[in-house]
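Listing of work.cif, mmCIF, C-alpha atoms
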data_query
#
loop_
_atom_site.label_atom_id
_atom_site.label_comp_id
_atom_site.auth_asym_id
_atom_site.auth_seq_id
_atom_site.Cartn_x
_atom_site.Cartn_y
_atom_site.Cartn_z
CA MET I 3 -13.73 -28.83 35.25
CA HIS I 4 -14.69 -30.27 31.87
CA ASN I 5 -16.26 -26.96 30.80
CA THR I 6 -13.08 -25.12 31.75
CA LEU I 7 -10.95 -27.49 29.66
CA ILE I 8 -13.25 -27.06 26.66
CA ILE I 9 -13.13 -23.27 26.89
CA VAL I 10 -9.33 -23.27 27.17
CA SER I 11 -9.00 -25.67 24.24
CA LEU I 12 -11.27 -23.59 22.05
CA SER I 13 -9.32 -20.47 22.97
CA VAL I 14 -6.01 -22.08 22.04
CA LEU I 15 -7.46 -23.39 18.78
CA THR I 16 -8.86 -19.96 17.87
CA ASN I 17 -5.51 -18.31 18.52
CA PHE I 18 -3.71 -20.96 16.46
CA ILE I 19 -6.03 -20.48 13.50
CA GLY I 20 -5.73 -16.70 13.79
CA VAL I 21 -1.94 -16.73 13.84
CA ASN I 22 -1.74 -18.97 10.78
CA SER I 23 -4.31 -17.22 8.60
CA PHE I 24 -3.37 -14.79 5.84
CA GLN I 25 -4.47 -11.40 7.14
CA CYS I 26 -3.15 -7.90 7.68
CA ARG I 27 -1.75 -7.67 11.20
CA ILE I 28 -0.87 -4.86 13.52
CA GLU I 29 1.40 -5.03 16.56
CA ASN I 30 1.08 -8.09 18.80
CA GLY I 31 -0.10 -9.99 15.73
CA LYS I 32 -3.71 -8.83 15.98
CA PRO I 33 -5.51 -9.39 12.65
CA VAL I 34 -7.39 -6.42 11.18
CA ASP I 35 -9.57 -5.92 8.13
CA TRP I 36 -7.21 -3.24 6.84
CA TYR I 37 -4.68 -0.68 7.95
CA VAL I 38 -2.82 2.33 6.61
CA MET I 39 0.67 3.25 7.75
CA TYR I 40 2.82 6.36 7.38
CA LYS I 41 6.55 5.90 8.00
CA LEU I 42 7.99 9.24 9.05
CA PRO I 43 11.10 10.69 7.35
CA LYS I 44 14.48 11.23 8.92
CA ILE I 45 14.52 14.81 10.19
CA THR I 46 17.72 16.35 11.57
CA LYS I 47 16.57 19.97 11.95
CA PRO I 48 14.76 20.68 14.14
CA LYS I 49 15.54 17.62 16.24
CA SER I 50 12.57 15.38 16.96
CA LEU I 51 12.03 12.24 19.02
CA PHE I 52 10.22 10.88 15.98
CA GLY I 53 12.78 12.07 13.43
CA ASP I 54 15.19 9.13 13.26
CA GLY I 55 13.59 7.67 10.13
CA TYR I 56 12.32 4.55 11.91
CA HIS I 57 9.13 5.82 13.56
CA TYR I 58 5.70 5.31 12.07
CA MET I 59 2.05 5.99 12.71
CA TYR I 60 -0.96 3.99 11.61
CA MET I 61 -4.73 3.71 11.51
CA THR I 62 -6.89 0.62 11.10
CA SER I 63 -10.40 -0.28 10.02
CA GLU I 64 -11.33 0.11 13.70
CA ILE I 65 -9.15 3.11 14.64
CA ASN I 66 -9.59 6.32 12.64
CA THR I 67 -7.02 8.61 14.27
CA TRP I 68 -3.25 8.34 13.95
CA GLN I 69 -1.59 5.99 16.44
CA PHE I 70 2.11 6.61 17.04
CA SER I 71 3.71 3.21 17.35
CA LYS I 72 6.05 2.33 20.21
CA GLN I 73 7.76 -0.07 17.82
CA LEU I 74 10.29 0.99 15.19
CA ILE I 75 9.79 -0.01 11.58
CA ASN I 76 13.01 -2.09 11.60
CA SER I 77 11.82 -4.13 14.59
CA ASN I 78 10.60 -7.69 14.17
CA LYS I 79 7.60 -6.61 16.26
CA SER I 80 6.59 -3.85 13.83
CA ILE I 81 3.35 -3.80 11.90
CA LEU I 82 5.09 -4.93 8.69
CA ALA I 83 7.01 -7.72 10.40
CA TRP I 84 3.81 -9.18 11.85
CA THR I 85 1.96 -9.00 8.52
CA LEU I 86 4.80 -10.67 6.61
CA LYS I 87 5.85 -13.19 9.26
CA GLU I 88 5.05 -16.24 7.12
CA PHE I 89 6.86 -14.70 4.14
CA TYR I 90 10.17 -14.92 6.00
CA THR I 91 10.22 -18.71 6.26
CA SER I 92 12.25 -20.90 3.91
CA LYS I 93 9.12 -22.75 2.77
CA PRO I 94 6.15 -20.40 3.27
CA ARG I 95 2.63 -21.78 3.13
CA GLY I 96 0.24 -20.60 0.44
CA PHE I 97 0.60 -18.24 -2.51
CA TRP I 98 3.15 -15.43 -2.29
CA LEU I 99 4.12 -12.69 -4.68
CA SER I 100 6.41 -9.75 -3.93
CA TYR I 101 7.29 -7.10 -6.48
CA ASN I 102 9.25 -3.85 -6.43
CA ASP I 103 10.37 -1.46 -9.16
CA GLN I 104 13.53 -0.53 -7.26
CA SER I 105 15.95 -3.38 -7.88
CA ALA I 106 19.09 -4.04 -9.91
CA HIS I 107 17.30 -5.83 -12.75
CA VAL I 108 14.19 -3.68 -13.27
CA THR I 109 13.62 -2.03 -16.67
CA LEU I 110 11.72 1.15 -17.49
CA THR I 111 9.14 -0.90 -19.38
CA GLU I 112 8.13 -2.61 -16.14
CA GLY I 113 5.68 -0.97 -13.78
CA HIS I 114 6.53 1.60 -11.13
CA THR I 115 4.79 -0.56 -8.58
CA LYS I 116 5.51 -2.15 -5.19
CA GLY I 117 3.63 -4.68 -3.13
CA VAL I 118 3.30 -8.07 -1.45
CA ILE I 119 0.45 -10.55 -1.81
CA GLY I 120 -0.13 -13.60 0.38
CA ALA I 121 -3.08 -16.01 0.23
CA ASP I 122 -4.34 -19.46 1.06
CA LYS I 123 -7.67 -21.12 0.22
CA GLU I 124 -9.71 -18.99 2.63
CA THR I 125 -8.19 -15.52 2.89
CA GLY I 126 -5.40 -13.33 1.62
CA PHE I 127 -4.00 -9.84 1.88
CA TRP I 128 -2.61 -7.21 -0.46
CA LEU I 129 0.05 -4.90 0.95
CA ILE I 130 0.66 -1.86 -1.29
CA HIS I 131 3.65 0.30 -0.39
CA SER I 132 6.25 2.83 -1.54
CA ILE I 133 9.34 1.35 0.17
CA PRO I 134 12.40 0.75 -2.05
CA HIS I 135 14.14 -2.65 -1.95
CA PHE I 136 11.43 -4.14 0.28
CA PRO I 137 10.83 -6.80 1.39
CA ASN I 138 14.31 -8.28 1.47
CA PHE I 139 14.19 -11.98 2.32
CA ASN I 140 17.91 -12.68 2.70
CA ASN I 141 18.48 -15.12 5.57
CA PHE I 142 14.68 -15.37 5.89
CA THR I 143 14.50 -12.78 8.66
CA TYR I 144 12.57 -9.52 8.64
CA SER I 145 14.62 -6.42 7.92
CA TYR I 146 13.90 -2.88 6.81
CA PRO I 147 16.11 -1.35 4.09
CA GLN I 148 18.32 1.65 4.78
CA THR I 149 17.10 3.05 1.45
CA GLY I 150 13.65 3.35 3.00
CA ARG I 151 14.80 5.23 6.09
CA ARG I 152 15.54 8.76 4.86
CA ASN I 153 12.16 9.60 3.34
CA GLY I 154 8.53 9.22 4.34
CA GLN I 155 6.78 6.06 3.08
CA SER I 156 3.16 4.97 2.74
CA VAL I 157 1.53 1.56 3.17
CA LEU I 158 -1.97 0.13 2.74
CA CYS I 159 -2.80 -3.44 3.71
CA VAL I 160 -6.21 -4.99 3.06
CA THR I 161 -7.48 -8.46 4.00
CA PHE I 162 -9.72 -10.20 1.46
CA ASN I 163 -11.70 -13.41 1.20
CA SER I 164 -10.39 -15.77 -1.47
CA SER I 165 -13.30 -14.85 -3.78
CA GLU I 166 -11.91 -11.30 -4.08
CA MET I 167 -8.18 -12.08 -4.19
CA ASP I 168 -8.02 -13.13 -7.84
CA LYS I 169 -9.24 -9.71 -9.00
CA ILE I 170 -5.86 -8.35 -7.90
CA GLY I 171 -4.22 -10.47 -10.58
CA ASN I 172 -6.15 -8.58 -13.24
CA LEU I 173 -4.87 -5.27 -11.84
CA LEU I 174 -1.28 -6.54 -11.91
CA GLU I 175 -1.60 -7.52 -15.57
CA TYR I 176 -1.96 -3.79 -16.26
CA ASN I 177 0.84 -2.79 -13.86
CA ARG I 178 3.44 -5.25 -15.20
CA PRO I 179 5.31 -5.54 -11.89
CA SER I 180 8.98 -6.43 -11.47
CA ILE I 181 8.67 -9.64 -9.45
CA TRP I 182 11.18 -10.38 -6.69
CA ARG I 183 9.85 -13.58 -5.18
CA LYS I 184 6.97 -15.88 -5.96
CA VAL I 185 5.62 -19.04 -4.38
CA LEU I 186 3.01 -20.71 -6.59
CA PRO I 187 1.63 -23.92 -5.05
CA ALA I 188 -0.16 -26.12 -7.57
CA ASP I 189 -3.23 -26.60 -5.37
CA LEU I 190 -4.15 -22.88 -5.58
CA ALA I 191 -3.74 -22.43 -9.34
CA THR I 192 -7.40 -23.03 -10.21
CA LEU I 193 -8.58 -20.76 -7.37
CA TYR I 194 -6.37 -17.83 -8.45
CA PRO I 195 -5.91 -18.04 -12.26
CA ASN I 196 -5.37 -14.28 -12.72
CA LEU I 197 -2.85 -14.05 -9.89
CA TYR I 198 -0.91 -16.97 -11.33
CA SER I 199 -0.99 -15.42 -14.81
CA ALA I 200 0.32 -12.11 -13.46
CA ALA I 201 3.02 -13.93 -11.49
CA LYS I 202 4.16 -15.58 -14.72
CA GLY I 203 4.42 -12.23 -16.50
CA GLU I 204 1.14 -12.03 -18.41
CA THR I 205 0.08 -8.49 -19.37
CA VAL I 206 -2.90 -6.86 -21.06
CA LYS I 207 -2.71 -6.89 -24.85
CA LYS I 208 -5.31 -4.35 -25.93
CA ALA I 209 -6.98 -1.06 -25.00
CA PRO I 210 -8.26 0.38 -22.81
CA TRP I 211 -4.89 0.49 -21.09
CA TYR I 212 -6.38 1.03 -17.64
CA THR I 213 -8.89 -0.64 -15.38
CA ILE I 214 -10.98 0.35 -12.36
CA ILE I 215 -12.12 -2.51 -10.14
CA GLU I 216 -14.39 -2.45 -7.10
CA LEU I 217 -13.14 -4.65 -4.27
CA LYS I 218 -14.68 -5.71 -0.97
CA SER I 219 -12.53 -6.45 2.08
CA LYS I 220 -13.01 -9.54 4.22
CA ASN I 221 -15.40 -7.63 6.49
CA GLY I 222 -17.30 -6.01 3.62
CA PHE I 223 -15.54 -2.62 3.36
CA ASN I 224 -15.73 -1.21 -0.18
CA LEU I 225 -12.57 -0.10 -2.00
CA THR I 226 -11.81 1.08 -5.52
CA ALA I 227 -8.58 0.02 -7.23
CA PHE I 228 -7.07 1.81 -10.23
CA ALA I 229 -4.38 0.32 -12.47
CA LYS I 230 -2.77 1.51 -15.69
CA SER I 231 -0.25 0.05 -18.11
CA GLU I 232 2.62 1.89 -19.77
CA GLN I 233 0.49 2.26 -22.92
CA PHE I 234 -2.02 4.42 -21.05
CA GLY I 235 0.37 7.36 -21.42
CA LYS I 236 -1.36 9.65 -18.91
CA ASP I 237 -1.23 10.58 -15.24
CA LEU I 238 -2.95 8.05 -12.98
CA TYR I 239 -4.24 10.71 -10.57
CA ASP I 240 -5.97 12.53 -13.40
CA LEU I 241 -7.89 9.28 -13.95
CA VAL I 242 -8.72 9.05 -10.24
CA ALA I 243 -10.01 12.64 -10.05
CA GLN I 244 -12.21 12.38 -13.14
CA SER I 245 -13.53 8.95 -12.17
CA GLU I 246 -14.33 9.93 -8.58
CA LYS I 247 -15.61 13.37 -9.70
CA ALA I 248 -13.57 15.27 -7.12
CA ASP I 249 -10.48 17.46 -6.99
CA VAL I 250 -7.56 15.60 -5.41
CA ASN I 251 -4.44 16.59 -3.48
CA THR I 252 -1.50 14.30 -4.19
CA GLU I 253 1.60 13.56 -2.14
CA THR I 254 4.09 11.79 -4.40
CA TRP I 255 7.87 11.88 -4.88
CA GLN I 256 8.75 15.44 -5.93
CA ASN I 257 12.36 14.68 -6.85
CA GLU I 258 11.55 13.00 -10.16
CA PRO I 259 12.75 14.48 -13.47
CA SER I 260 9.92 16.58 -14.93
CA PRO I 261 7.42 16.49 -12.03
CA LEU I 262 3.91 17.34 -13.18
CA PRO I 263 2.44 20.74 -12.30
CA PRO I 264 -1.11 21.03 -10.96
CA PHE I 265 -3.74 20.14 -13.56
CA CYS I 266 -6.07 23.14 -13.43
CA SER I 267 -7.79 22.92 -16.82
CA LEU I 268 -9.53 19.64 -16.02
CA THR I 269 -13.12 19.31 -14.86
CA TYR I 270 -11.72 17.93 -11.60
CA LYS I 271 -8.34 19.33 -10.66
CA VAL I 272 -5.19 17.60 -9.43
CA PHE I 273 -2.87 19.41 -7.01
CA ASN I 274 0.55 18.63 -5.53
CA ILE I 275 0.96 18.79 -1.77
CA ARG I 276 4.13 20.73 -0.93
CA SER I 277 4.58 20.05 2.77
CA ILE I 278 3.21 17.88 5.56
CA ARG I 279 2.66 18.85 9.19
CA ILE I 280 1.97 16.38 11.99
CA ALA I 281 0.71 18.64 14.75
CA GLU I 282 0.67 15.99 17.49
CA ILE I 283 4.47 15.67 17.39
CA ASN I 284 5.27 19.14 16.01
CA MET I 285 6.88 17.73 12.85
CA THR I 286 6.84 19.50 9.48
CA PHE I 287 8.58 18.32 6.33
CA LYS I 288 8.58 19.18 2.65
CA SER I 289 7.32 16.74 0.06
CA HIS I 290 10.90 16.37 -1.19
CA LYS I 291 11.40 14.31 1.97
CA ASP I 292 8.40 12.10 1.29
CA HIS I 293 8.42 9.02 -0.95
CA SER I 294 4.73 8.30 -0.22
CA LYS I 295 2.15 7.90 -2.99
CA LEU I 296 -1.08 9.43 -1.66
CA ALA I 297 -4.17 11.01 -3.17
CA ILE I 298 -6.52 12.78 -0.77
CA SER I 299 -9.86 14.11 -1.91
CA ALA I 300 -10.11 17.90 -1.69
CA VAL I 301 -13.89 17.64 -1.33
CA PRO I 302 -15.34 16.89 2.14
CA SER I 303 -18.51 15.48 0.57
CA LYS I 304 -16.36 12.79 -1.11
CA PRO I 305 -14.01 11.75 1.68
CA PHE I 306 -11.69 9.25 0.00
CA VAL I 307 -7.98 8.53 0.38
CA CYS I 308 -5.88 6.54 -2.09
CA ILE I 309 -2.58 4.79 -1.37
CA GLY I 310 -0.53 3.53 -4.29
CA ASP I 311 2.88 3.20 -5.87
CA ILE I 312 3.28 5.66 -8.77
CA ASN I 313 4.34 9.32 -8.87
CA ARG I 314 3.10 12.43 -10.65
CA ALA I 315 5.92 12.89 -13.19
CA LEU I 316 6.05 13.07 -16.98
CA HIS I 317 8.04 9.87 -17.49
CA GLN I 318 5.76 7.99 -15.08
CA GLU I 319 2.94 8.43 -17.59
CA LYS I 320 4.76 5.73 -19.56
CA ARG I 321 5.03 3.33 -16.61
CA GLY I 322 2.46 0.96 -15.19
CA GLY I 323 1.21 1.62 -11.68
CA GLY I 324 -1.82 1.86 -9.48
CA THR I 325 -3.56 3.05 -6.36
CA MET I 326 -6.37 1.81 -4.12
CA CYS I 327 -8.94 4.16 -2.61
CA LEU I 328 -10.98 3.88 0.56
CA THR I 329 -13.86 6.12 1.59
CA SER I 330 -14.19 7.01 5.27
CA LYS I 331 -15.00 10.46 6.62
CA GLN I 332 -12.97 9.92 9.78
CA HIS I 333 -9.86 8.48 8.11
CA TRP I 334 -10.05 11.15 5.39
CA THR I 335 -10.14 13.84 8.09
CA SER I 336 -7.00 12.43 9.71
CA TYR I 337 -5.17 12.49 6.37
CA SER I 338 -6.47 15.94 5.38
CA LYS I 339 -5.15 17.46 8.61
CA LEU I 340 -1.63 16.48 7.51
CA ILE I 341 -1.69 18.84 4.52
CA ASN I 342 0.36 21.92 5.41
CA THR I 343 0.89 23.61 2.02
CA LYS I 344 -0.14 22.70 -1.51
CA ASP I 345 -0.36 24.06 -5.05
CA THR I 346 -3.12 26.39 -6.16
CA CYS I 347 -4.42 27.24 -9.61
#

How does the structure come out when it is put into structure tokens?
Amino acid sequence: MHNTLIIVSLSVLTNFIGVNSFQCRIENGKPVDWYVMYKLPKITKPKSLFGDGYHYMYMTSEINTWQFSKQLINSNKSILAWTLKEFYTSKPRGFWLSYNDQSAHVTLTEGHTKGVIGADKETGFWLIHSIPHFPNFNNFTYSYPQTGRRNGQSVLCVTFNSSEMDKIGNLLEYNRPSIWRKVLPADLATLYPNLYSAAKGETVKKAPWYTIIELKSKNGFNLTAFAKSEQFGKDLYDLVAQSEKADVNTETWQNEPSPLPPFCSLTYKVFNIRSIRIAEINMTFKSHKDHSKLAISAVPSKPFVCIGDINRALHQEKRGGGTMCLTSKQHWTSYSKLINTKDTC
């Protein structure tokens, strides 16, 4: 009897701690080390069960093939709603920072960058995404913007220990994000000095106008983050390719003024993906329908995938932005299979 009560109590306590910790979460609130998500575009022809603009698929640190969610992205039971649950309270616990380049007050000198950061004294997460006008915290309830429905969107969420979280602040000082909401409790200021500086608008003041930082997730998974400021004046994905010593295929917004052609004269080339095909659901769409920001290695011996927030376009060379890369043969394979057509040299 006593043993049973102890076991039940420990179980309840574990669940309580899990629900209240700052971690990336998938459906049912399960915490994960990291996940990637692909929100599918609205497709009218040919008709598809997954073509309403609200469906999404995802993979996690534990699952390396695409899972087609039964939830819709605008549901309060979606993967984003669970991850950001604490964010949608009137007085959220911990440190919070949300930023998005698509708002009424953003200027072209601010970064083309989107994300949400949440952290307490033990853990935190960084959610990098491409969704315009997100997250909206009006009425403190989760919602998904109509502006994010029409096109495909990409998301990466990574859970970190507190010792790694402050490195993100250094990346943001290069990006110069347009900040939507910030919660800066005094008791975390000494733990996260760079995050607090970035939240208050601090930016890098001297060259080099880019940085590459190695990060380690809560469970020890290695990632590489790239960030550039507007003074860098070059394409971010060129930097990724040369740094990683691999050709890369990029899926970024193709409707920009002056989109960049493939870079074929470089040691490591950069290509544009032109269309995506998801064989499992018989869906094909052109990159003009995709607002994602992806870079997928073209070299099987270097199986990395990067998810970020900046496009390949001439004017974007003069905007801050970034991407974060993970290396996993299985996840890379799942992404590579999506490439239907792409540029050649």

What are the nearest atom pairs, with distances in Å to one decimal, for all residues of range 123-174 of chain I that come at most 7 Å from range 21-38 of chain I, using all atoms listed in the file, set out by chain and rising residue number as a Markdown table?
| residue | atom | partner | partner_atom | distance |
| --- | --- | --- | --- | --- |
| I:Thr125 | CA | I:Phe24 | CA | 5.7 |
| I:Gly126 | CA | I:Phe24 | CA | 4.9 |
| I:Phe127 | CA | I:Gln25 | CA | 5.5 |
| I:Val157 | CA | I:Val38 | CA | 5.6 |
| I:Leu158 | CA | I:Val38 | CA | 4.5 |
| I:Cys159 | CA | I:Tyr37 | CA | 5.4 |
| I:Val160 | CA | I:Trp36 | CA | 4.3 |
| I:Thr161 | CA | I:Gln25 | CA | 5.3 |

Apply the PyMOL selection byres ((chain I and resi 80) around 12) to the displayed file and report the matching residues as a compact mmCIF listing (two decimals) with C-alpha atoms, keeping the file's coordinate frame.
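Listed below is the output, out22.txt:
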# COMPACT_ATOMS: atom_id res chain seq x y z
CA ARG I 27 -1.75 -7.67 11.20
CA ILE I 28 -0.87 -4.86 13.52
CA GLU I 29 1.40 -5.03 16.56
CA ASN I 30 1.08 -8.09 18.80
CA GLY I 31 -0.10 -9.99 15.73
CA LYS I 32 -3.71 -8.83 15.98
CA MET I 39 0.67 3.25 7.75
CA LYS I 41 6.55 5.90 8.00
CA TYR I 56 12.32 4.55 11.91
CA HIS I 57 9.13 5.82 13.56
CA TYR I 58 5.70 5.31 12.07
CA MET I 59 2.05 5.99 12.71
CA TYR I 60 -0.96 3.99 11.61
CA PHE I 70 2.11 6.61 17.04
CA SER I 71 3.71 3.21 17.35
CA LYS I 72 6.05 2.33 20.21
CA GLN I 73 7.76 -0.07 17.82
CA LEU I 74 10.29 0.99 15.19
CA ILE I 75 9.79 -0.01 11.58
CA ASN I 76 13.01 -2.09 11.60
CA SER I 77 11.82 -4.13 14.59
CA ASN I 78 10.60 -7.69 14.17
CA LYS I 79 7.60 -6.61 16.26
CA ILE I 81 3.35 -3.80 11.90
CA LEU I 82 5.09 -4.93 8.69
CA ALA I 83 7.01 -7.72 10.40
CA TRP I 84 3.81 -9.18 11.85
CA THR I 85 1.96 -9.00 8.52
CA LEU I 86 4.80 -10.67 6.61
CA LYS I 87 5.85 -13.19 9.26
CA TYR I 144 12.57 -9.52 8.64
CA SER I 145 14.62 -6.42 7.92
CA TYR I 146 13.90 -2.88 6.81

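Among the candidates I:Pro48, I:Pro134, I:Pro302, I:Pro261, the residue lying nearest to Gln318 in chain I is I:Pro261 (atoms considered: all atoms listed in the file).
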
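Across the model, the gap from CA of Gln104 in chain I to CA of Ile181 in chain I is 10.6 Å.
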
- Item | Leu174 in chain I environment, 12 Å, all atoms listed in the file, sequence neighbours closer than 2 positions dropped, as a ChimeraX atom specification | /I:99-101,112-119,128,130,167-172,176-181,196-206,212-215,227-231,322-325

- Near Gly222 in chain I, within 10 Å and counting only C-alpha atoms, which residues show up once chain neighbours fewer than 5 positions away are dropped, as an NGL selection string? :I and (35 or 162-163 or 217)

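The smallest atom-to-atom distance between Met285 in chain I and any of I:Ser165, I:Thr91, I:Asn342, I:Gln332, using all atoms listed in the file, is found for I:Asn342.
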
- Do you know which residues the PyMOL selection byres ((chain I and resi 269-275) around 7) returns on this file, as a list in words? Asp240, Ala243, Gln244, Lys247, Ala248, Asp249, Val250, Asn251, Thr252, Glu253, Pro264, Phe265, Cys266, Ser267, Leu268, Arg276, Ser277, Ser289, Ile341, Thr343, Lys344 and Asp345 of chain I

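Within the 10 Å cut-off around range 92-94 of chain I, using all atoms listed in the file and omitting residues fewer than 2 positions from it on the same chain, the listed residues are Lys87, Glu88, Phe89, Tyr90, Gly96, Phe97, Trp98, Gly120, Phe139, Asn141, Phe142, Thr143 and Val185 of chain I.
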
- Using only C-alpha atoms, which of the listed residues (I:Asn102, I:Lys184, I:Thr62, I:Pro263) sits closest to Leu328 in chain I?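 Smallest distance to Leu328 in chain I is found for I:Thr62.
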
- Message: Between I:Leu129, I:Cys308, I:Leu340, I:Ala209, which residue has the minimum interatomic distance to Ile283 in chain I, considering all atoms listed in the file?
- Response: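 Distance minimum relative to Ile283 in chain I lands on I:Leu340.
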
- Query: Suppose you want the space between CA of Glu175 in chain I and CA of Val242 in chain I; what is it in Å?
  - Reply: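 So the answer is 18.8 Å.
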
- Task: Choose the residue, out of I:Arg321, I:Arg279, I:Lys331, I:His135, that has the smallest atom-to-atom separation from Lys304 in chain I; count all atoms listed in the file.
- Result: I:Lys331

- Between CA of Phe287 in chain I and CA of Thr329 in chain I, measure the distance and give it in Å to one decimal.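 Straight-line distance from CA of Phe287 in chain I to CA of Thr329 in chain I works out to 26.0 Å.
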
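Using all atoms listed in the file for every distance, the candidate list I:Arg151, I:Ile309, I:Leu296, I:Leu316 yields I:Leu316 as the residue closest to Gly235 in chain I.
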
Report the centre and edge lengths, in Å to one decimal, of an axis-aligned box enclosing every atom of range 321-327 of chain I listed in the file, padded by 4 Å on each side, as JSON.
{"center_x": -2.0, "center_y": 2.6, "center_z": -9.6, "size_x": 22.0, "size_y": 11.2, "size_z": 22.0}

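Listed by chain and then by number, the residues chosen by the PyMOL selection byres ((chain I and resi 189) around 10) in this file are Gly96, Phe97, Asp122, Lys123, Leu186, Pro187, Ala188, Leu190, Ala191, Thr192, Leu193 and Tyr194 of chain I.
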
Given the selection you just returned, output its residues as a file containing C-alpha atoms, formatted as a PDB file, in the coordinates of the input.
ATOM      1  CA  GLY I  96       0.240 -20.600   0.440  1.00  0.00           C
ATOM      2  CA  PHE I  97       0.600 -18.240  -2.510  1.00  0.00           C
ATOM      3  CA  ASP I 122      -4.340 -19.460   1.060  1.00  0.00           C
ATOM      4  CA  LYS I 123      -7.670 -21.120   0.220  1.00  0.00           C
ATOM      5  CA  LEU I 186       3.010 -20.710  -6.590  1.00  0.00           C
ATOM      6  CA  PRO I 187       1.630 -23.920  -5.050  1.00  0.00           C
ATOM      7  CA  ALA I 188      -0.160 -26.120  -7.570  1.00  0.00           C
ATOM      8  CA  LEU I 190      -4.150 -22.880  -5.580  1.00  0.00           C
ATOM      9  CA  ALA I 191      -3.740 -22.430  -9.340  1.00  0.00           C
ATOM     10  CA  THR I 192      -7.400 -23.030 -10.210  1.00  0.00           C
ATOM     11  CA  LEU I 193      -8.580 -20.760  -7.370  1.00  0.00           C
ATOM     12  CA  TYR I 194      -6.370 -17.830  -8.450  1.00  0.00           C
TER      13      TYR I 194
END

- All residues 8 Å or closer to Thr67 in chain I, only C-alpha atoms, same chain fewer than 6 positions away omitted, as a PyMOL selection string: chain I and resi 61+332-333+336
